>>> print(open('run_3.pdb').read())   # PDB, C-alpha atoms
ATOM      1  CA  ARG A   1     -28.446  -0.017  24.311
ATOM      2  CA  GLU A   2     -26.799  -2.678  26.440
ATOM      3  CA  ARG A   3     -24.496  -3.849  23.628
ATOM      4  CA  VAL A   4     -21.658  -1.827  22.121
ATOM      5  CA  TRP A   5     -19.452  -1.814  19.020
ATOM      6  CA  VAL A   6     -15.735  -2.407  19.484
ATOM      7  CA  VAL A   7     -13.213  -1.039  17.003
ATOM      8  CA  GLY A   8      -9.498  -1.666  16.640
ATOM      9  CA  LEU A   9      -6.533  -1.497  14.298
ATOM     10  CA  SER A  10      -3.822  -4.186  14.235
ATOM     11  CA  ALA A  11      -3.383  -5.502  17.809
ATOM     12  CA  GLY A  12      -6.477  -3.490  18.747
ATOM     13  CA  ALA A  13      -8.392  -5.323  16.019
ATOM     14  CA  ALA A  14      -7.310  -8.652  17.490
ATOM     15  CA  LEU A  15      -8.552  -7.478  20.905
ATOM     16  CA  ALA A  16     -11.851  -6.355  19.354
ATOM     17  CA  ALA A  17     -12.279  -9.855  17.855
ATOM     18  CA  VAL A  18     -11.604 -11.432  21.261
ATOM     19  CA  LEU A  19     -14.165  -9.166  22.938
ATOM     20  CA  GLY A  20     -16.780  -9.933  20.284
ATOM     21  CA  LEU A  21     -16.365 -13.682  20.588
ATOM     22  CA  ARG A  22     -15.963 -13.889  24.355
ATOM     23  CA  TYR A  23     -18.596 -11.294  25.366
ATOM     24  CA  PRO A  24     -21.458 -11.465  22.838
ATOM     25  CA  ARG A  25     -23.935 -10.307  25.477
ATOM     26  CA  LEU A  26     -22.044  -7.009  25.608
ATOM     27  CA  VAL A  27     -20.737  -6.637  22.050
ATOM     28  CA  ARG A  28     -23.112  -6.006  19.162
ATOM     29  CA  GLY A  29     -20.467  -5.689  16.481
ATOM     30  CA  VAL A  30     -16.746  -5.589  15.734
ATOM     31  CA  LEU A  31     -14.676  -3.494  13.340
ATOM     32  CA  ALA A  32     -11.390  -5.379  12.936
ATOM     33  CA  HIS A  33      -9.082  -3.258  10.791
ATOM     34  CA  SER A  34      -5.915  -5.145   9.777
ATOM     35  CA  GLY A  35      -6.052  -7.630  12.646
ATOM     36  CA  LEU A  36      -6.102 -11.283  13.681
ATOM     37  CA  ALA A  37      -8.910 -13.653  14.606
ATOM     38  CA  CYS A  38      -9.452 -14.551  18.252
ATOM     39  CA  GLY A  39      -6.878 -17.193  19.214
ATOM     40  CA  ALA A  40      -5.266 -17.179  15.745
ATOM     41  CA  ALA A  41      -1.828 -17.708  17.291
ATOM     42  CA  SER A  42      -1.471 -20.904  19.306
ATOM     43  CA  THR A  43       1.253 -19.335  21.482
ATOM     44  CA  PRO A  44       2.685 -15.834  22.003
ATOM     45  CA  ALA A  45       5.865 -17.009  20.295
ATOM     46  CA  THR A  46       3.998 -17.780  17.045
ATOM     47  CA  ALA A  47       2.170 -14.442  16.815
ATOM     48  CA  LEU A  48       4.637 -12.830  14.403
ATOM     49  CA  THR A  49       4.509 -15.850  12.105
ATOM     50  CA  VAL A  50       0.697 -15.777  12.214
ATOM     51  CA  MET A  51       0.707 -12.084  11.300
ATOM     52  CA  ARG A  52       2.636 -12.943   8.128
ATOM     53  CA  HIS A  53       1.126 -16.336   7.209
ATOM     54  CA  GLY A  54      -2.323 -16.597   8.802
ATOM     55  CA  PRO A  55      -3.736 -18.532  11.765
ATOM     56  CA  ASP A  56      -1.847 -21.546  13.103
ATOM     57  CA  ASN A  57      -4.821 -22.462  15.266
ATOM     58  CA  ASP A  58      -8.287 -23.720  14.334
ATOM     59  CA  VAL A  59     -10.191 -20.432  14.566
ATOM     60  CA  ALA A  60     -13.444 -22.159  13.554
ATOM     61  CA  ARG A  61     -13.189 -24.463  16.592
ATOM     62  CA  ILE A  62     -12.560 -21.421  18.785
ATOM     63  CA  ALA A  63     -15.778 -19.904  17.393
ATOM     64  CA  ASP A  64     -17.676 -23.147  18.005
ATOM     65  CA  ASP A  65     -16.359 -23.272  21.586
ATOM     66  CA  ALA A  66     -17.345 -19.636  22.176
ATOM     67  CA  ARG A  67     -20.851 -20.322  20.870
ATOM     68  CA  ALA A  68     -21.133 -23.444  23.037
ATOM     69  CA  ALA A  69     -20.051 -21.417  26.077
ATOM     70  CA  GLU A  70     -23.157 -19.291  25.503
ATOM     71  CA  GLY A  71     -25.348 -22.380  25.530
ATOM     72  CA  GLY A  72     -25.393 -22.549  21.735
ATOM     73  CA  THR A  73     -27.700 -19.531  21.529
ATOM     74  CA  ALA A  74     -25.218 -16.663  21.509
ATOM     75  CA  GLU A  75     -26.366 -13.238  20.443
ATOM     76  CA  PRO A  76     -25.177 -12.581  16.886
ATOM     77  CA  VAL A  77     -22.073 -10.401  16.670
ATOM     78  CA  ALA A  78     -21.668  -8.514  13.407
ATOM     79  CA  LEU A  79     -18.161  -8.264  11.950
ATOM     80  CA  LEU A  80     -16.660  -5.680   9.618
ATOM     81  CA  VAL A  81     -13.148  -6.520   8.429
ATOM     82  CA  ILE A  82     -11.137  -3.824   6.670
ATOM     83  CA  GLN A  83      -7.908  -5.127   5.173
ATOM     84  CA  GLY A  84      -5.373  -3.598   2.818
ATOM     85  CA  ASP A  85      -4.213  -5.870   0.020
ATOM     86  CA  ARG A  86      -0.670  -4.503   0.418
ATOM     87  CA  ASP A  87      -0.440  -4.904   4.186
ATOM     88  CA  ASP A  88       3.032  -6.314   4.888
ATOM     89  CA  VAL A  89       2.578  -6.377   8.684
ATOM     90  CA  VAL A  90      -0.725  -8.276   9.011
ATOM     91  CA  ALA A  91      -1.135 -10.369   5.868
ATOM     92  CA  PRO A  92      -4.556 -10.298   4.173
ATOM     93  CA  ILE A  93      -5.039 -14.020   4.913
ATOM     94  CA  ASN A  94      -5.784 -12.974   8.503
ATOM     95  CA  GLY A  95      -8.924 -11.198   7.288
ATOM     96  CA  VAL A  96     -10.041 -14.525   5.829
ATOM     97  CA  GLY A  97      -9.525 -16.134   9.253
ATOM     98  CA  LEU A  98     -11.660 -13.419  10.890
ATOM     99  CA  VAL A  99     -14.461 -13.924   8.382
ATOM    100  CA  ASP A 100     -14.415 -17.704   8.823
ATOM    101  CA  GLN A 101     -14.411 -17.366  12.611
ATOM    102  CA  PHE A 102     -17.369 -15.000  12.811
ATOM    103  CA  LEU A 103     -19.362 -16.905  10.180
ATOM    104  CA  ARG A 104     -18.959 -20.007  12.370
ATOM    105  CA  PHE A 105     -19.811 -18.106  15.544
ATOM    106  CA  ASN A 106     -22.940 -16.689  13.921
ATOM    107  CA  ALA A 107     -23.915 -20.154  12.553
ATOM    108  CA  HIS A 108     -23.813 -18.971   8.935
ATOM    109  CA  ALA A 109     -23.823 -21.771   6.357
ATOM    110  CA  ALA A 110     -20.615 -20.436   4.721
ATOM    111  CA  GLY A 111     -18.624 -20.892   7.945
ATOM    112  CA  ARG A 112     -15.982 -23.524   7.258
ATOM    113  CA  GLU A 113     -15.341 -26.292   9.775
ATOM    114  CA  GLY A 114     -11.834 -27.262  10.844
ATOM    115  CA  TYR A 115     -10.234 -24.031   9.674
ATOM    116  CA  ARG A 116      -6.906 -24.167   7.919
ATOM    117  CA  PRO A 117      -5.505 -20.971   6.407
ATOM    118  CA  ALA A 118      -7.246 -20.458   3.082
ATOM    119  CA  ALA A 119      -6.143 -17.879   0.561
ATOM    120  CA  ALA A 120      -9.710 -17.143  -0.526
ATOM    121  CA  LEU A 121     -12.811 -15.995   1.284
ATOM    122  CA  PRO A 122     -15.738 -18.416   1.442
ATOM    123  CA  PRO A 123     -18.455 -17.762  -1.173
ATOM    124  CA  ALA A 124     -20.219 -14.507  -0.285
ATOM    125  CA  ASP A 125     -23.941 -13.782  -0.511
ATOM    126  CA  ALA A 126     -23.194 -10.436  -2.220
ATOM    127  CA  MET A 127     -20.157  -8.628  -3.629
ATOM    128  CA  ALA A 128     -19.482  -5.068  -4.804
ATOM    129  CA  HIS A 129     -16.417  -3.389  -6.298
ATOM    130  CA  GLU A 130     -15.505   0.290  -6.656
ATOM    131  CA  ALA A 131     -12.590   0.944  -8.982
ATOM    132  CA  GLY A 132      -9.720   3.055  -7.741
ATOM    133  CA  SER A 133      -8.338   6.198  -9.302
ATOM    134  CA  SER A 134      -5.148   8.237  -9.051
ATOM    135  CA  ASP A 135      -6.390   9.839  -5.830
ATOM    136  CA  ARG A 136      -8.484   7.009  -4.284
ATOM    137  CA  HIS A 137      -7.896   3.332  -3.546
ATOM    138  CA  GLY A 138     -10.270   0.803  -5.071
ATOM    139  CA  VAL A 139     -12.513  -1.192  -2.743
ATOM    140  CA  ARG A 140     -14.074  -4.661  -2.890
ATOM    141  CA  SER A 141     -16.777  -5.626  -0.383
ATOM    142  CA  ASP A 142     -18.001  -9.161   0.283
ATOM    143  CA  ASP A 143     -21.152  -9.619   2.398
ATOM    144  CA  TRP A 144     -22.670 -12.585   4.212
ATOM    145  CA  LEU A 145     -26.315 -12.275   5.248
ATOM    146  CA  ALA A 146     -28.478 -13.666   8.033
ATOM    147  CA  ALA A 147     -32.210 -12.998   8.282
ATOM    148  CA  GLY A 148     -31.920 -10.417   5.494
ATOM    149  CA  ARG A 149     -29.219  -8.386   7.237
ATOM    150  CA  VAL A 150     -25.477  -8.258   6.720
ATOM    151  CA  ILE A 151     -23.793 -10.216   9.525
ATOM    152  CA  VAL A 152     -20.213 -10.203   8.153
ATOM    153  CA  ARG A 153     -18.595  -7.800   5.672
ATOM    154  CA  HIS A 154     -15.031  -8.047   4.398
ATOM    155  CA  VAL A 155     -13.675  -4.891   2.750
ATOM    156  CA  THR A 156     -10.456  -5.194   0.756
ATOM    157  CA  VAL A 157      -8.816  -1.827   0.133
ATOM    158  CA  GLU A 158      -6.626  -2.055  -2.954
ATOM    159  CA  GLY A 159      -3.213  -0.454  -2.460
ATOM    160  CA  LEU A 160      -3.595  -0.008   1.307
ATOM    161  CA  GLY A 161      -0.701  -1.087   3.504
ATOM    162  CA  HIS A 162      -0.759  -1.404   7.302
ATOM    163  CA  ALA A 163      -2.616   1.843   7.912
ATOM    164  CA  TRP A 164      -6.012   3.203   8.975
ATOM    165  CA  SER A 165      -8.076   3.606   5.829
ATOM    166  CA  GLY A 166      -9.026   7.223   5.192
ATOM    167  CA  GLY A 167      -6.811   8.548   7.985
ATOM    168  CA  ASN A 168      -4.947  11.826   8.261
ATOM    169  CA  ALA A 169      -1.801  11.844   6.095
ATOM    170  CA  GLU A 170       0.100  13.719   8.805
ATOM    171  CA  LEU A 171      -0.247  10.797  11.217
ATOM    172  CA  ALA A 172       1.665   7.531  11.268
ATOM    173  CA  PHE A 173      -0.248   4.426  10.118
ATOM    174  CA  ALA A 174      -2.909   6.442   8.287
ATOM    175  CA  ASP A 175      -3.702   6.510   4.554
ATOM    176  CA  PRO A 176      -5.878   9.345   3.237
ATOM    177  CA  LEU A 177      -6.417   7.594  -0.134
ATOM    178  CA  GLY A 178      -8.516   4.826   1.349
ATOM    179  CA  PRO A 179     -12.231   5.067   2.056
ATOM    180  CA  ASP A 180     -12.932   6.490   5.523
ATOM    181  CA  ALA A 181     -13.038   3.458   7.847
ATOM    182  CA  LEU A 182     -15.534   5.140  10.171
ATOM    183  CA  GLU A 183     -17.880   5.869   7.247
ATOM    184  CA  LEU A 184     -17.583   2.203   6.248
ATOM    185  CA  LEU A 185     -18.486   1.281   9.833
ATOM    186  CA  ALA A 186     -21.516   3.603   9.851
ATOM    187  CA  ARG A 187     -22.821   2.044   6.606
ATOM    188  CA  PHE A 188     -22.155  -1.462   7.895
ATOM    189  CA  ALA A 189     -23.910  -0.800  11.208
ATOM    190  CA  ALA A 190     -26.966   0.436   9.301
ATOM    191  CA  ASP A 191     -26.933  -2.646   7.034
ATOM    192  CA  ALA A 192     -26.377  -5.033   9.945
ATOM    193  CA  HIS A 193     -29.024  -3.657  12.297
ATOM    194  CA  ALA A 194     -31.496  -1.728  10.170
TER     195      ALA A 194
END
>>> encode(input="run_3.pdb", output="structure tokens")
Amino acid sequence: RERVWVVGLSAGAALAAVLGLRYPRLVRGVLAHSGLACGAASTPATALTVMRHGPDNDVARIADDARAAEGGTAEPVALLVIQGDRDDVVAPINGVGLVDQFLRFNAHAAGREGYRPAAALPPADAMAHEAGSSDRHGVRSDDWLAAGRVIVRHVTVEGLGHAWSGGNAELAFADPLGPDALELLARFAADAHA
């Protein structure tokens, strides 16, 4: 009851990642939809380049520093990344940076040290794929587990650009063909804290 979930899209997703890493006593989990890892840009001037090409900073070291700031025994912070594979504003490589950062923070064995932008996710503990159709985007989910629960989930929505997955078609930055992001969050929260 004392810890909350934080949710954001784009810049809001980057803020959610910052809150999760910097305030693990208050944040139970993060939904970062189309966003950047905490500290991914080394300066404000490089942020646009990072959005297109991935972190220019060692996001794994930032996670290690955040964990050390908690005395090395930080509360786990679950992470759900939702990323469109056709996002031309925040490149999908940024979702990889988020996954690496939170795996490191949560002391998961797949967390890579000395992060450099990698095109591929680290090996997942479980993977699922739902094929798309003419009226729905396909979805791939990669899960990393800790103590039998999902601690990090990366959802790739095939065909999704820079938009809220499952959103209202009448609104800007919303795609009704994607799975409902809030339903994905509800399932993830149940898997992470069942």
>>> residues_near_point(input="run_3.pdb", point="(-20.1, -11.8, 23.8)", cutoff="9 Å", atoms="only C-alpha atoms", output="JSON, numbers by chain")
{"A": [18, 19, 20, 21, 22, 23, 24, 25, 26, 27, 28, 66, 70, 74, 75, 76, 77]}
>>> residues_near_point(input="run_3.pdb", point="(-20.8, -2.8, -5.9)", cutoff="8 Å", atoms="only C-alpha atoms", output="number ranges by chain")
A: 127-130, 140-141
>>> closest_residue(input="run_3.pdb", among="A:His154, A:His193, A:His137, A:Arg3", to="Ile93 of chain A", atoms="only C-alpha atoms")
A:His154
>>> residues_around(input="run_3.pdb", residues="Leu80 of chain A", least_positions_apart="4", cutoff="8 Å", atoms="all atoms listed in the file", output="number ranges by chain")
A: 29-32, 152-155, 185, 188
>>> atom_distance(input="run_3.pdb", atom1="atom CA of Gly12 of chain A", atom2="atom CA of Gly178 of chain A")
19.4 Å
>>> resolve_selection(input="run_3.pdb", expression="the PyMOL selection byres ((chain A and resi 35) around 10)", output="PyMOL selection string")
chain A and resi 8-17+31-34+36-38+51+81-83+89-92+94-95+97-98+162
>>> residues_around(input="run_3.pdb", residues="Ala60 of chain A", least_positions_apart="5", cutoff="8 Å", atoms="all atoms listed in the file", output="PyMOL selection string")
chain A and resi 100-101+104-105+111-115
>>> residues_around(input="run_3.pdb", residues="Ala126 of chain A", least_positions_apart="4", cutoff="7 Å", atoms="only C-alpha atoms", output="compact mmCIF listing (two decimals) with C-alpha atoms, in the frame of the given file")
# COMPACT_ATOMS: atom_id res chain seq x y z
CA ASP A 142 -18.00 -9.16 0.28
CA ASP A 143 -21.15 -9.62 2.40
CA TRP A 144 -22.67 -12.58 4.21
>>> closest_residue(input="run_3.pdb", among="A:Ala189, A:Ala120, A:Asp175, A:Asp135", to="Val4 of chain A", atoms="all atoms listed in the file")
A:Ala189
>>> atom_distance(input="run_3.pdb", atom1="atom CA of Val96 of chain A", atom2="atom CA of Ala190 of chain A")
22.9 Å
>>> atom_distance(input="run_3.pdb", atom1="atom CA of Glu183 of chain A", atom2="atom CA of Leu171 of chain A")
18.7 Å
>>> closest_residue(input="run_3.pdb", among="A:Ala63, A:Ala41, A:Val139, A:Ala131", to="Leu184 of chain A", atoms="only C-alpha atoms")
A:Val139
>>> residues_around(input="run_3.pdb", residues="His108 of chain A", least_positions_apart="4", cutoff="9 Å", atoms="all atoms listed in the file", output="CSV table (one decimal) with C-alpha atoms, keeping the file's coordinate frame")
chain,number,residue,atom,x,y,z
A,102,PHE,CA,-17.4,-15.0,12.8
A,103,LEU,CA,-19.4,-16.9,10.2
A,104,ARG,CA,-19.0,-20.0,12.4
A,144,TRP,CA,-22.7,-12.6,4.2
A,145,LEU,CA,-26.3,-12.3,5.2
A,146,ALA,CA,-28.5,-13.7,8.0
A,151,ILE,CA,-23.8,-10.2,9.5
>>> resolve_selection(input="run_3.pdb", expression="the PyMOL selection byres ((chain A and resi 179) around 7)", output="list in words")
Ser165, Gly166, Leu177, Gly178, Asp180 and Ala181 of chain A
>>> closest_residue(input="run_3.pdb", among="A:Asp56, A:Leu79, A:Asp125, A:Arg149", to="Pro44 of chain A", atoms="only C-alpha atoms")
A:Asp56
>>> closest_residue(input="run_3.pdb", among="A:Gly138, A:Ala186, A:His53, A:Ala172", to="Gly84 of chain A", atoms="all atoms listed in the file")
A:Gly138
>>> axis_aligned_box(input="run_3.pdb", around="segment 17-30 of chain A", padding_each_side="6 Å", output="AutoDock Vina command-line options")
--center_x -17.8 --center_y -9.7 --center_z 20.7 --size_x 24.3 --size_y 20.3 --size_z 21.9
>>> resolve_selection(input="run_3.pdb", expression="the PyMOL selection byres ((chain A and resi 161) around 8)", output="compact mmCIF listing (two decimals) with C-alpha atoms, in the coordinates of the input")
# COMPACT_ATOMS: atom_id res chain seq x y z
CA GLY A 84 -5.37 -3.60 2.82
CA ASP A 85 -4.21 -5.87 0.02
CA ARG A 86 -0.67 -4.50 0.42
CA ASP A 87 -0.44 -4.90 4.19
CA ASP A 88 3.03 -6.31 4.89
CA GLY A 159 -3.21 -0.45 -2.46
CA LEU A 160 -3.60 -0.01 1.31
CA HIS A 162 -0.76 -1.40 7.30
CA ALA A 163 -2.62 1.84 7.91
>>> decode(input="run_3.pdb", residues="segment 30-43 of chain A", atoms="all heavy atoms", output="mmCIF file, in the first residue's frame")
data_model
loop_
_atom_site.group_PDB
_atom_site.id
_atom_site.type_symbol
_atom_site.label_atom_id
_atom_site.label_comp_id
_atom_site.auth_asym_id
_atom_site.auth_seq_id
_atom_site.Cartn_x
_atom_site.Cartn_y
_atom_site.Cartn_z
ATOM 1 N N VAL A 30 6.960 0.109 -12.805
ATOM 2 C CA VAL A 30 6.997 1.148 -13.829
ATOM 3 C C VAL A 30 6.430 0.583 -15.128
ATOM 4 O O VAL A 30 6.795 -0.523 -15.530
ATOM 5 C CB VAL A 30 8.455 1.610 -14.075
ATOM 6 C CG1 VAL A 30 8.560 2.524 -15.277
ATOM 7 C CG2 VAL A 30 9.028 2.276 -12.828
ATOM 8 N N LEU A 31 5.546 1.344 -15.763
ATOM 9 C CA LEU A 31 5.164 1.090 -17.153
ATOM 10 C C LEU A 31 5.796 2.208 -17.963
ATOM 11 O O LEU A 31 5.406 3.372 -17.847
ATOM 12 C CB LEU A 31 3.654 1.093 -17.360
ATOM 13 C CG LEU A 31 3.149 1.221 -18.812
ATOM 14 C CD1 LEU A 31 3.796 0.233 -19.757
ATOM 15 C CD2 LEU A 31 1.648 1.127 -18.878
ATOM 16 N N ALA A 32 6.808 1.862 -18.752
ATOM 17 C CA ALA A 32 7.498 2.818 -19.619
ATOM 18 C C ALA A 32 7.102 2.511 -21.056
ATOM 19 O O ALA A 32 7.576 1.537 -21.640
ATOM 20 C CB ALA A 32 9.002 2.734 -19.432
ATOM 21 N N HIS A 33 6.201 3.308 -21.585
ATOM 22 C CA HIS A 33 5.682 3.106 -22.942
ATOM 23 C C HIS A 33 6.419 4.068 -23.875
ATOM 24 O O HIS A 33 6.271 5.276 -23.776
ATOM 25 C CB HIS A 33 4.180 3.392 -22.953
ATOM 26 C CG HIS A 33 3.453 2.942 -24.177
ATOM 27 N ND1 HIS A 33 3.932 3.090 -25.449
ATOM 28 C CD2 HIS A 33 2.245 2.353 -24.302
ATOM 29 C CE1 HIS A 33 3.049 2.606 -26.307
ATOM 30 N NE2 HIS A 33 2.016 2.143 -25.629
ATOM 31 N N SER A 34 7.267 3.518 -24.742
ATOM 32 C CA SER A 34 7.986 4.311 -25.746
ATOM 33 C C SER A 34 8.855 5.389 -25.111
ATOM 34 O O SER A 34 8.792 6.553 -25.486
ATOM 35 C CB SER A 34 6.993 4.963 -26.722
ATOM 36 O OG SER A 34 6.084 4.024 -27.226
ATOM 37 N N GLY A 35 9.687 5.002 -24.152
ATOM 38 C CA GLY A 35 10.498 5.986 -23.441
ATOM 39 C C GLY A 35 11.959 5.607 -23.333
ATOM 40 O O GLY A 35 12.417 4.619 -23.915
ATOM 41 N N LEU A 36 12.690 6.411 -22.560
ATOM 42 C CA LEU A 36 14.131 6.258 -22.369
ATOM 43 C C LEU A 36 14.439 5.747 -20.969
ATOM 44 O O LEU A 36 13.670 5.974 -20.039
ATOM 45 C CB LEU A 36 14.845 7.600 -22.540
ATOM 46 C CG LEU A 36 14.607 8.389 -23.814
ATOM 47 C CD1 LEU A 36 15.342 9.716 -23.746
ATOM 48 C CD2 LEU A 36 15.017 7.598 -25.030
ATOM 49 N N ALA A 37 15.590 5.129 -20.818
ATOM 50 C CA ALA A 37 16.088 4.720 -19.512
ATOM 51 C C ALA A 37 16.493 5.956 -18.707
ATOM 52 O O ALA A 37 16.777 7.020 -19.266
ATOM 53 C CB ALA A 37 17.287 3.785 -19.680
ATOM 54 N N CYS A 38 16.544 5.799 -17.403
ATOM 55 C CA CYS A 38 16.992 6.867 -16.518
ATOM 56 C C CYS A 38 18.429 7.244 -16.873
ATOM 57 O O CYS A 38 19.311 6.385 -16.918
ATOM 58 C CB CYS A 38 16.920 6.384 -15.072
ATOM 59 S SG CYS A 38 17.565 7.542 -13.852
ATOM 60 N N GLY A 39 18.662 8.529 -17.159
ATOM 61 C CA GLY A 39 20.006 9.001 -17.461
ATOM 62 C C GLY A 39 20.542 8.561 -18.806
ATOM 63 O O GLY A 39 21.752 8.627 -19.033
ATOM 64 N N ALA A 40 19.680 8.117 -19.718
ATOM 65 C CA ALA A 40 20.138 7.607 -21.021
ATOM 66 C C ALA A 40 20.901 8.655 -21.812
ATOM 67 O O ALA A 40 21.832 8.327 -22.539
ATOM 68 C CB ALA A 40 18.957 7.095 -21.837
ATOM 69 N N ALA A 41 20.504 9.910 -21.669
ATOM 70 C CA ALA A 41 21.204 11.006 -22.362
ATOM 71 C C ALA A 41 22.194 11.635 -21.390
ATOM 72 O O ALA A 41 21.838 12.008 -20.274
ATOM 73 C CB ALA A 41 20.207 12.050 -22.848
ATOM 74 N N SER A 42 23.444 11.763 -21.819
ATOM 75 C CA SER A 42 24.469 12.316 -20.941
ATOM 76 C C SER A 42 24.314 13.814 -20.722
ATOM 77 O O SER A 42 24.774 14.340 -19.713
ATOM 78 C CB SER A 42 25.865 12.000 -21.488
ATOM 79 O OG SER A 42 25.991 12.484 -22.810
ATOM 80 N N THR A 43 23.655 14.505 -21.657
ATOM 81 C CA THR A 43 23.374 15.933 -21.519
ATOM 82 C C THR A 43 22.027 16.229 -22.170
ATOM 83 O O THR A 43 21.568 15.460 -23.023
ATOM 84 C CB THR A 43 24.439 16.807 -22.221
ATOM 85 O OG1 THR A 43 24.316 16.637 -23.638
ATOM 86 C CG2 THR A 43 25.857 16.468 -21.767
#
